[in-house]
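File shown: data.cif (mmCIF, C-alpha atoms (C1' of nucleotides)).
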```cif
data_coords
#
loop_
_atom_site.group_PDB
_atom_site.id
_atom_site.type_symbol
_atom_site.label_atom_id
_atom_site.label_comp_id
_atom_site.auth_asym_id
_atom_site.auth_seq_id
_atom_site.Cartn_x
_atom_site.Cartn_y
_atom_site.Cartn_z
ATOM 1 C CA MET A 1321 110.739 76.579 75.255
ATOM 2 C CA LYS A 1322 111.895 77.921 71.871
ATOM 3 C CA ASN A 1323 109.270 78.809 69.298
ATOM 4 C CA LEU A 1324 110.786 77.241 66.209
ATOM 5 C CA LYS A 1325 107.525 77.341 64.269
ATOM 6 C CA LEU A 1326 107.585 81.115 64.479
ATOM 7 C CA LYS A 1327 111.224 81.268 63.483
ATOM 8 C CA ALA A 1328 110.540 78.991 60.523
ATOM 9 C CA ALA A 1329 107.468 80.952 59.394
ATOM 10 C CA ARG A 1330 109.431 84.189 59.546
ATOM 11 C CA ALA A 1331 112.254 82.632 57.535
ATOM 12 C CA GLY A 1332 109.660 81.399 55.031
ATOM 13 C CA LYS A 1333 108.637 85.014 54.478
ATOM 14 C CA ASP A 1334 112.295 86.067 54.281
ATOM 15 C CA MET A 1335 111.840 88.625 57.053
ATOM 16 C CA SER A 1336 114.393 89.645 59.661
ATOM 17 C CA GLN A 1337 113.403 89.956 63.309
ATOM 18 C CA GLN A 1338 113.565 93.718 62.808
ATOM 19 C CA GLN A 1339 111.221 93.619 59.830
ATOM 20 C CA LEU A 1340 108.690 91.482 61.673
ATOM 21 C CA ALA A 1341 108.983 93.744 64.708
ATOM 22 C CA ASP A 1342 108.258 96.796 62.559
ATOM 23 C CA ALA A 1343 105.346 95.030 60.868
ATOM 24 C CA VAL A 1344 103.632 94.303 64.192
ATOM 25 C CA GLY A 1345 104.752 97.400 66.074
ATOM 26 C CA VAL A 1346 107.057 96.040 68.767
ATOM 27 C CA SER A 1347 110.781 96.116 69.368
ATOM 28 C CA ARG A 1348 113.207 93.665 67.826
ATOM 29 C CA GLN A 1349 114.092 92.389 71.275
ATOM 30 C CA THR A 1350 110.493 91.393 71.866
ATOM 31 C CA ILE A 1351 110.445 89.235 68.727
ATOM 32 C CA ASN A 1352 113.782 87.755 69.698
ATOM 33 C CA ALA A 1353 112.521 86.924 73.200
ATOM 34 C CA ILE A 1354 109.398 85.246 71.831
ATOM 35 C CA GLU A 1355 111.439 83.085 69.461
ATOM 36 C CA LYS A 1356 113.862 82.316 72.258
ATOM 37 C CA GLY A 1357 110.782 81.249 74.169
ATOM 38 C CA ASP A 1358 111.529 82.679 77.543
ATOM 39 C CA TYR A 1359 108.359 84.633 77.752
ATOM 40 C CA ASN A 1360 104.741 85.002 77.359
ATOM 41 C CA PRO A 1361 103.434 87.501 74.803
ATOM 42 C CA THR A 1362 99.902 88.899 74.822
ATOM 43 C CA ILE A 1363 97.318 87.355 72.532
ATOM 44 C CA ARG A 1364 96.953 90.563 70.522
ATOM 45 C CA LEU A 1365 100.640 90.492 69.711
ATOM 46 C CA CYS A 1366 100.410 86.804 68.779
ATOM 47 C CA ILE A 1367 97.498 87.562 66.467
ATOM 48 C CA ALA A 1368 99.397 90.455 64.870
ATOM 49 C CA ILE A 1369 102.375 88.166 64.290
ATOM 50 C CA CYS A 1370 100.126 85.508 62.762
ATOM 51 C CA ARG A 1371 98.591 88.015 60.361
ATOM 52 C CA ALA A 1372 102.018 89.326 59.349
ATOM 53 C CA LEU A 1373 103.162 85.789 58.572
ATOM 54 C CA ASP A 1374 99.911 84.433 57.073
ATOM 55 C CA ARG A 1375 99.538 81.802 59.756
ATOM 56 C CA THR A 1376 96.955 81.097 62.472
ATOM 57 C CA LEU A 1377 97.327 80.918 66.235
ATOM 58 C CA ASP A 1378 97.133 77.146 66.209
ATOM 59 C CA GLU A 1379 99.888 76.967 63.603
ATOM 60 C CA LEU A 1380 102.347 79.184 65.459
ATOM 61 C CA PHE A 1381 101.446 79.067 69.158
ATOM 62 C CA TRP A 1382 99.655 75.827 69.925
ATOM 63 C CA GLU A 1383 101.527 72.899 71.424
ATOM 64 C CA GLU A 1384 100.189 69.396 71.857
ATOM 65 C CA MET F 1006 85.085 93.359 71.725
ATOM 66 C CA LYS F 1007 83.267 90.655 73.698
ATOM 67 C CA ASN F 1008 84.517 87.101 73.513
ATOM 68 C CA LEU F 1009 81.254 85.237 73.104
ATOM 69 C CA LYS F 1010 82.938 82.085 71.847
ATOM 70 C CA LEU F 1011 84.656 81.761 75.203
ATOM 71 C CA LYS F 1012 81.448 82.433 77.083
ATOM 72 C CA ALA F 1013 79.632 79.821 75.018
ATOM 73 C CA ALA F 1014 82.364 77.210 75.443
ATOM 74 C CA ARG F 1015 82.353 77.738 79.191
ATOM 75 C CA ALA F 1016 78.569 77.417 79.286
ATOM 76 C CA GLY F 1017 78.892 74.245 77.232
ATOM 77 C CA LYS F 1018 81.046 72.778 79.980
ATOM 78 C CA ASP F 1019 78.607 74.048 82.628
ATOM 79 C CA MET F 1020 81.343 75.961 84.426
ATOM 80 C CA SER F 1021 81.023 79.235 86.303
ATOM 81 C CA GLN F 1022 83.562 82.014 85.812
ATOM 82 C CA GLN F 1023 84.880 81.089 89.248
ATOM 83 C CA GLN F 1024 85.333 77.431 88.326
ATOM 84 C CA LEU F 1025 87.155 78.287 85.123
ATOM 85 C CA ALA F 1026 89.309 80.789 86.988
ATOM 86 C CA ASP F 1027 90.251 78.131 89.536
ATOM 87 C CA ALA F 1028 90.944 75.604 86.791
ATOM 88 C CA VAL F 1029 93.445 77.898 85.088
ATOM 89 C CA GLY F 1030 94.825 79.619 88.180
ATOM 90 C CA VAL F 1031 93.672 83.212 87.795
ATOM 91 C CA SER F 1032 91.078 85.385 89.497
ATOM 92 C CA ARG F 1033 87.415 85.395 88.569
ATOM 93 C CA GLN F 1034 87.715 89.032 87.537
ATOM 94 C CA THR F 1035 90.347 88.123 84.975
ATOM 95 C CA ILE F 1036 88.003 85.632 83.316
ATOM 96 C CA ASN F 1037 85.197 88.155 83.449
ATOM 97 C CA ALA F 1038 87.388 90.817 81.838
ATOM 98 C CA ILE F 1039 88.433 88.464 79.050
ATOM 99 C CA GLU F 1040 84.827 87.573 78.276
ATOM 100 C CA LYS F 1041 83.905 91.220 78.457
ATOM 101 C CA GLY F 1042 86.680 91.662 75.926
ATOM 102 C CA ASP F 1043 88.229 94.864 77.098
ATOM 103 C CA TYR F 1044 91.637 93.427 77.449
ATOM 104 C CA ASN F 1045 94.487 91.427 76.271
ATOM 105 C CA PRO F 1046 95.444 88.221 78.115
ATOM 106 C CA THR F 1047 98.766 86.467 77.722
ATOM 107 C CA ILE F 1048 99.042 83.520 75.359
ATOM 108 C CA ARG F 1049 99.813 81.101 78.179
ATOM 109 C CA LEU F 1050 96.570 82.005 79.883
ATOM 110 C CA CYS F 1051 94.696 81.623 76.601
ATOM 111 C CA ILE F 1052 96.233 78.188 76.131
ATOM 112 C CA ALA F 1053 95.311 77.176 79.686
ATOM 113 C CA ILE F 1054 91.726 78.307 79.080
ATOM 114 C CA CYS F 1055 91.593 76.352 75.826
ATOM 115 C CA ARG F 1056 92.789 73.197 77.538
ATOM 116 C CA ALA F 1057 90.273 73.599 80.353
ATOM 117 C CA LEU F 1058 87.460 73.916 77.798
ATOM 118 C CA ASP F 1059 88.707 71.366 75.235
ATOM 119 C CA ARG F 1060 89.043 73.958 72.527
ATOM 120 C CA THR F 1061 91.956 75.336 70.494
ATOM 121 C CA LEU F 1062 93.316 78.864 70.193
ATOM 122 C CA ASP F 1063 91.776 79.292 66.761
ATOM 123 C CA GLU F 1064 88.384 78.207 68.093
ATOM 124 C CA LEU F 1065 88.305 80.639 71.022
ATOM 125 C CA PHE F 1066 90.639 83.527 70.192
ATOM 126 C CA TRP F 1067 90.942 83.908 66.455
ATOM 127 C CA GLU F 1068 88.868 86.472 64.594
ATOM 128 C CA GLU F 1069 88.600 86.772 60.838
ATOM 129 C "C1'" DA L 309 139.834 88.663 55.261
ATOM 130 C "C1'" DC L 310 136.787 92.257 55.846
ATOM 131 C "C1'" DA L 311 132.360 94.798 56.228
ATOM 132 C "C1'" DA L 312 127.653 94.744 56.953
ATOM 133 C "C1'" DA L 313 123.657 92.826 58.508
ATOM 134 C "C1'" DA L 314 121.279 89.823 61.624
ATOM 135 C "C1'" DT L 315 120.927 87.708 66.015
ATOM 136 C "C1'" DG L 316 121.597 87.019 71.132
ATOM 137 C "C1'" DT L 317 121.643 89.075 75.482
ATOM 138 C "C1'" DC L 318 121.539 92.377 79.567
ATOM 139 C "C1'" DA L 319 120.051 96.176 82.714
ATOM 140 C "C1'" DA L 320 116.932 99.876 83.808
ATOM 141 C "C1'" DG L 321 112.692 102.034 82.826
ATOM 142 C "C1'" DT L 322 107.597 102.265 81.380
ATOM 143 C "C1'" DA L 323 103.112 100.342 80.244
ATOM 144 C "C1'" DT L 324 99.807 97.207 81.274
ATOM 145 C "C1'" DA L 325 98.037 92.405 82.755
ATOM 146 C "C1'" DT L 326 96.444 90.478 86.906
ATOM 147 C "C1'" DT L 327 95.225 90.437 91.972
ATOM 148 C "C1'" DT L 328 92.794 91.777 95.967
ATOM 149 C "C1'" DT L 329 88.971 93.741 98.208
ATOM 150 C "C1'" DA L 330 84.596 95.271 97.899
ATOM 151 C "C1'" DC L 331 80.081 96.379 96.404
ATOM 152 C "C1'" DT L 332 75.953 95.908 93.302
ATOM 153 C "C1'" DA L 333 72.835 93.508 89.903
ATOM 154 C "C1'" DA L 334 71.068 89.525 87.996
ATOM 155 C "C1'" DT L 335 69.942 84.413 88.136
ATOM 156 C "C1'" DT L 336 68.633 80.147 90.167
ATOM 157 C "C1'" DA L 337 66.837 77.246 93.782
ATOM 158 C "C1'" DT L 338 64.115 76.474 97.871
ATOM 159 C "C1'" DA G 1136 59.718 85.922 98.694
ATOM 160 C "C1'" DT G 1137 63.960 85.083 100.127
ATOM 161 C "C1'" DA G 1138 68.521 83.002 100.217
ATOM 162 C "C1'" DA G 1139 72.388 81.601 97.658
ATOM 163 C "C1'" DT G 1140 75.071 81.552 93.708
ATOM 164 C "C1'" DT G 1141 76.716 83.863 89.632
ATOM 165 C "C1'" DA G 1142 77.986 87.795 87.087
ATOM 166 C "C1'" DG G 1143 79.351 92.750 86.278
ATOM 167 C "C1'" DT G 1144 82.216 96.476 87.665
ATOM 168 C "C1'" DA G 1145 85.769 99.622 90.041
ATOM 169 C "C1'" DA G 1146 89.943 101.345 92.611
ATOM 170 C "C1'" DA G 1147 94.491 100.479 94.407
ATOM 171 C "C1'" DA G 1148 98.432 97.433 94.542
ATOM 172 C "C1'" DT G 1149 101.599 94.010 92.429
ATOM 173 C "C1'" DA G 1150 103.660 91.213 88.715
ATOM 174 C "C1'" DT G 1151 105.282 91.113 84.372
ATOM 175 C "C1'" DA G 1152 105.195 92.317 79.171
ATOM 176 C "C1'" DC G 1153 107.562 95.402 76.461
ATOM 177 C "C1'" DT G 1154 110.892 99.390 75.415
ATOM 178 C "C1'" DT G 1155 115.236 101.659 75.033
ATOM 179 C "C1'" DG G 1156 120.006 101.693 74.567
ATOM 180 C "C1'" DA G 1157 124.057 99.313 74.368
ATOM 181 C "C1'" DC G 1158 127.355 95.773 73.347
ATOM 182 C "C1'" DA G 1159 128.938 90.943 71.781
ATOM 183 C "C1'" DT G 1160 128.451 87.126 68.689
ATOM 184 C "C1'" DT G 1161 127.139 84.975 64.502
ATOM 185 C "C1'" DT G 1162 125.942 84.909 59.730
ATOM 186 C "C1'" DT G 1163 126.065 86.645 54.942
ATOM 187 C "C1'" DG G 1164 128.009 89.029 51.091
ATOM 188 C "C1'" DT G 1165 131.960 90.921 48.595
#
```
Give the structure from this file in structure tokens form.
Amino acid sequence: MKNLKLKAARAGKDMSQQQLADAVGVSRQTINAIEKGDYNPTIRLCIAICRALDRTLDELFWEE
Amino acid sequence: MKNLKLKAARAGKDMSQQQLADAVGVSRQTINAIEKGDYNPTIRLCIAICRALDRTLDELFWEE
DNA sequence: ACAAAATGTCAAGTATATTTTACTAATTAT
DNA sequence: ATAATTAGTAAAATATACTTGACATTTTGT
């Protein structure tokens, strides 16, 4: 399932996928795949993404 | 770094590592390793653990 | 319309999360 | 004191997260 909250938070910081990827130390394709939602990142990467975007895990990765 | 919040939440539900492992569909060693803190689970596993323990990601896996 | 940047996607390779089996140490109950 | 359950740890194998490189499509700016 697509992660639109992540996509929106990134847009809110005016960052490209490449910029976010550089900020957290992964490839652009990894960010793209996470937003596309067809896989399952590690928690450390999720936390790094949250810190780069000033959000928490619950805000970006929790689903009711 | 050890995940004591997870250990405490599990104790609060009176579950063994084995019971939690069964509840979320991984091996007991995986739960043990996460509590021990020397590795990096996937977010889906973290979410499954949170649901089994009635906690959120921020409560069990976020660190300031 | 055109160029440049950003995004979507794929295949092959590498790094690492997770499993299985097994053994030991510590707790808990009888 | 002893048996049974729980917890800690390790090595080898398997599954999968992530990388690299490449190309196509879409969006944005001029």
Evaluate the PyMOL selection byres ((chain L) within 9 of (chain A)) and record the selected residues as number ranges by chain, following the chain and residue labels used in the document. L: 314-316, 325
Filtering to C-alpha atoms (C1' of nucleotides), could you give me those residues as a compact mmCIF listing (two decimals), keeping the file's coordinate frame?
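Writing done, so here's out21.txt:
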```
# COMPACT_ATOMS: atom_id res chain seq x y z
C1' DA L 314 121.28 89.82 61.62
C1' DT L 315 120.93 87.71 66.02
C1' DG L 316 121.60 87.02 71.13
C1' DA L 325 98.04 92.40 82.76
```
Here's a check: after a least-squares fit over all in-order C-alpha atoms, write chain A in the frame of chain F, as a compact mmCIF listing (two decimals) with C-alpha atoms, keeping the file's coordinate frame.
```txt
# COMPACT_ATOMS: atom_id res chain seq x y z
CA MET A 1321 85.11 93.35 71.71
CA LYS A 1322 83.27 90.66 73.72
CA ASN A 1323 84.53 87.10 73.52
CA LEU A 1324 81.26 85.25 73.09
CA LYS A 1325 82.95 82.08 71.85
CA LEU A 1326 84.67 81.76 75.20
CA LYS A 1327 81.48 82.45 77.08
CA ALA A 1328 79.65 79.85 75.01
CA ALA A 1329 82.39 77.22 75.43
CA ARG A 1330 82.37 77.76 79.18
CA ALA A 1331 78.59 77.43 79.27
CA GLY A 1332 78.91 74.25 77.20
CA LYS A 1333 81.06 72.79 79.98
CA ASP A 1334 78.61 74.07 82.60
CA MET A 1335 81.35 75.97 84.42
CA SER A 1336 81.01 79.26 86.27
CA GLN A 1337 83.57 82.02 85.79
CA GLN A 1338 84.88 81.11 89.23
CA GLN A 1339 85.30 77.46 88.32
CA LEU A 1340 87.15 78.28 85.12
CA ALA A 1341 89.30 80.78 87.00
CA ASP A 1342 90.24 78.13 89.55
CA ALA A 1343 90.94 75.60 86.79
CA VAL A 1344 93.45 77.90 85.08
CA GLY A 1345 94.81 79.62 88.18
CA VAL A 1346 93.65 83.22 87.80
CA SER A 1347 91.07 85.37 89.52
CA ARG A 1348 87.41 85.42 88.59
CA GLN A 1349 87.72 89.05 87.58
CA THR A 1350 90.33 88.13 85.00
CA ILE A 1351 87.99 85.63 83.33
CA ASN A 1352 85.19 88.17 83.47
CA ALA A 1353 87.39 90.84 81.86
CA ILE A 1354 88.44 88.49 79.06
CA GLU A 1355 84.82 87.59 78.28
CA LYS A 1356 83.88 91.25 78.47
CA GLY A 1357 86.65 91.74 75.96
CA ASP A 1358 88.24 94.86 77.28
CA TYR A 1359 91.65 93.38 77.54
CA ASN A 1360 94.43 91.39 76.24
CA PRO A 1361 95.39 88.19 78.07
CA THR A 1362 98.75 86.46 77.69
CA ILE A 1363 99.03 83.51 75.33
CA ARG A 1364 99.82 81.12 78.18
CA LEU A 1365 96.57 82.02 79.87
CA CYS A 1366 94.69 81.62 76.58
CA ILE A 1367 96.23 78.18 76.12
CA ALA A 1368 95.32 77.19 79.68
CA ILE A 1369 91.74 78.31 79.07
CA CYS A 1370 91.61 76.34 75.82
CA ARG A 1371 92.82 73.18 77.54
CA ALA A 1372 90.29 73.60 80.35
CA LEU A 1373 87.49 73.91 77.81
CA ASP A 1374 88.72 71.35 75.25
CA ARG A 1375 89.06 73.94 72.52
CA THR A 1376 91.97 75.32 70.49
CA LEU A 1377 93.31 78.84 70.18
CA ASP A 1378 91.78 79.27 66.75
CA GLU A 1379 88.39 78.19 68.08
CA LEU A 1380 88.31 80.60 71.01
CA PHE A 1381 90.63 83.51 70.18
CA TRP A 1382 90.93 83.86 66.42
CA GLU A 1383 88.86 86.43 64.56
CA GLU A 1384 88.54 86.72 60.81
```
If the cut-off is 7 Å, can you tell me the residues of chain G near chain A, counting only C-alpha atoms (C1' of nucleotides)? I'd like them as a PyMOL selection string. chain G and resi 1152-1154
Which residues are close to DT329 of chain L, i.e. within 10 Å by all atoms listed in the file, leaving aside same-chain residues fewer than 2 positions away? Reply as a PyMOL selection string. (chain L and resi 327+331) or (chain G and resi 1146-1147)
Expanded to explicit residues, what is the PyMOL selection byres ((chain F) within 12 of (chain A)) for this file, as a list in words? Ile1039, Gly1042, Asp1043, Tyr1044, Asn1045, Pro1046, Thr1047, Ile1048, Arg1049, Leu1050, Cys1051, Ile1052, Ala1053, Cys1055, Arg1056, Arg1060, Thr1061, Leu1062, Asp1063, Glu1064, Leu1065, Phe1066, Trp1067, Glu1068 and Glu1069 of chain F
In Å, rounded to a single decimal, give me how far atom CA of Leu1011 of chain F is from atom CA of Asp1374 of chain A.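 Here the two named atoms are 23.8 Å from each other.
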Quick one, how far is atom C1' of DT1163 of chain G from atom CA of Lys1322 of chain A? 23.7 Å
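The space between atom C1' of DA309 of chain L and atom C1' of DT1162 of chain G spans 15.1 Å.
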When distances are computed from only C-alpha atoms (C1' of nucleotides), which of G:DA1148, G:DG1164, G:DA1159, G:DA1139 shows the smallest separation from DT335 of chain L?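 Closest residue, counting only C-alpha atoms (C1' of nucleotides): G:DA1139.
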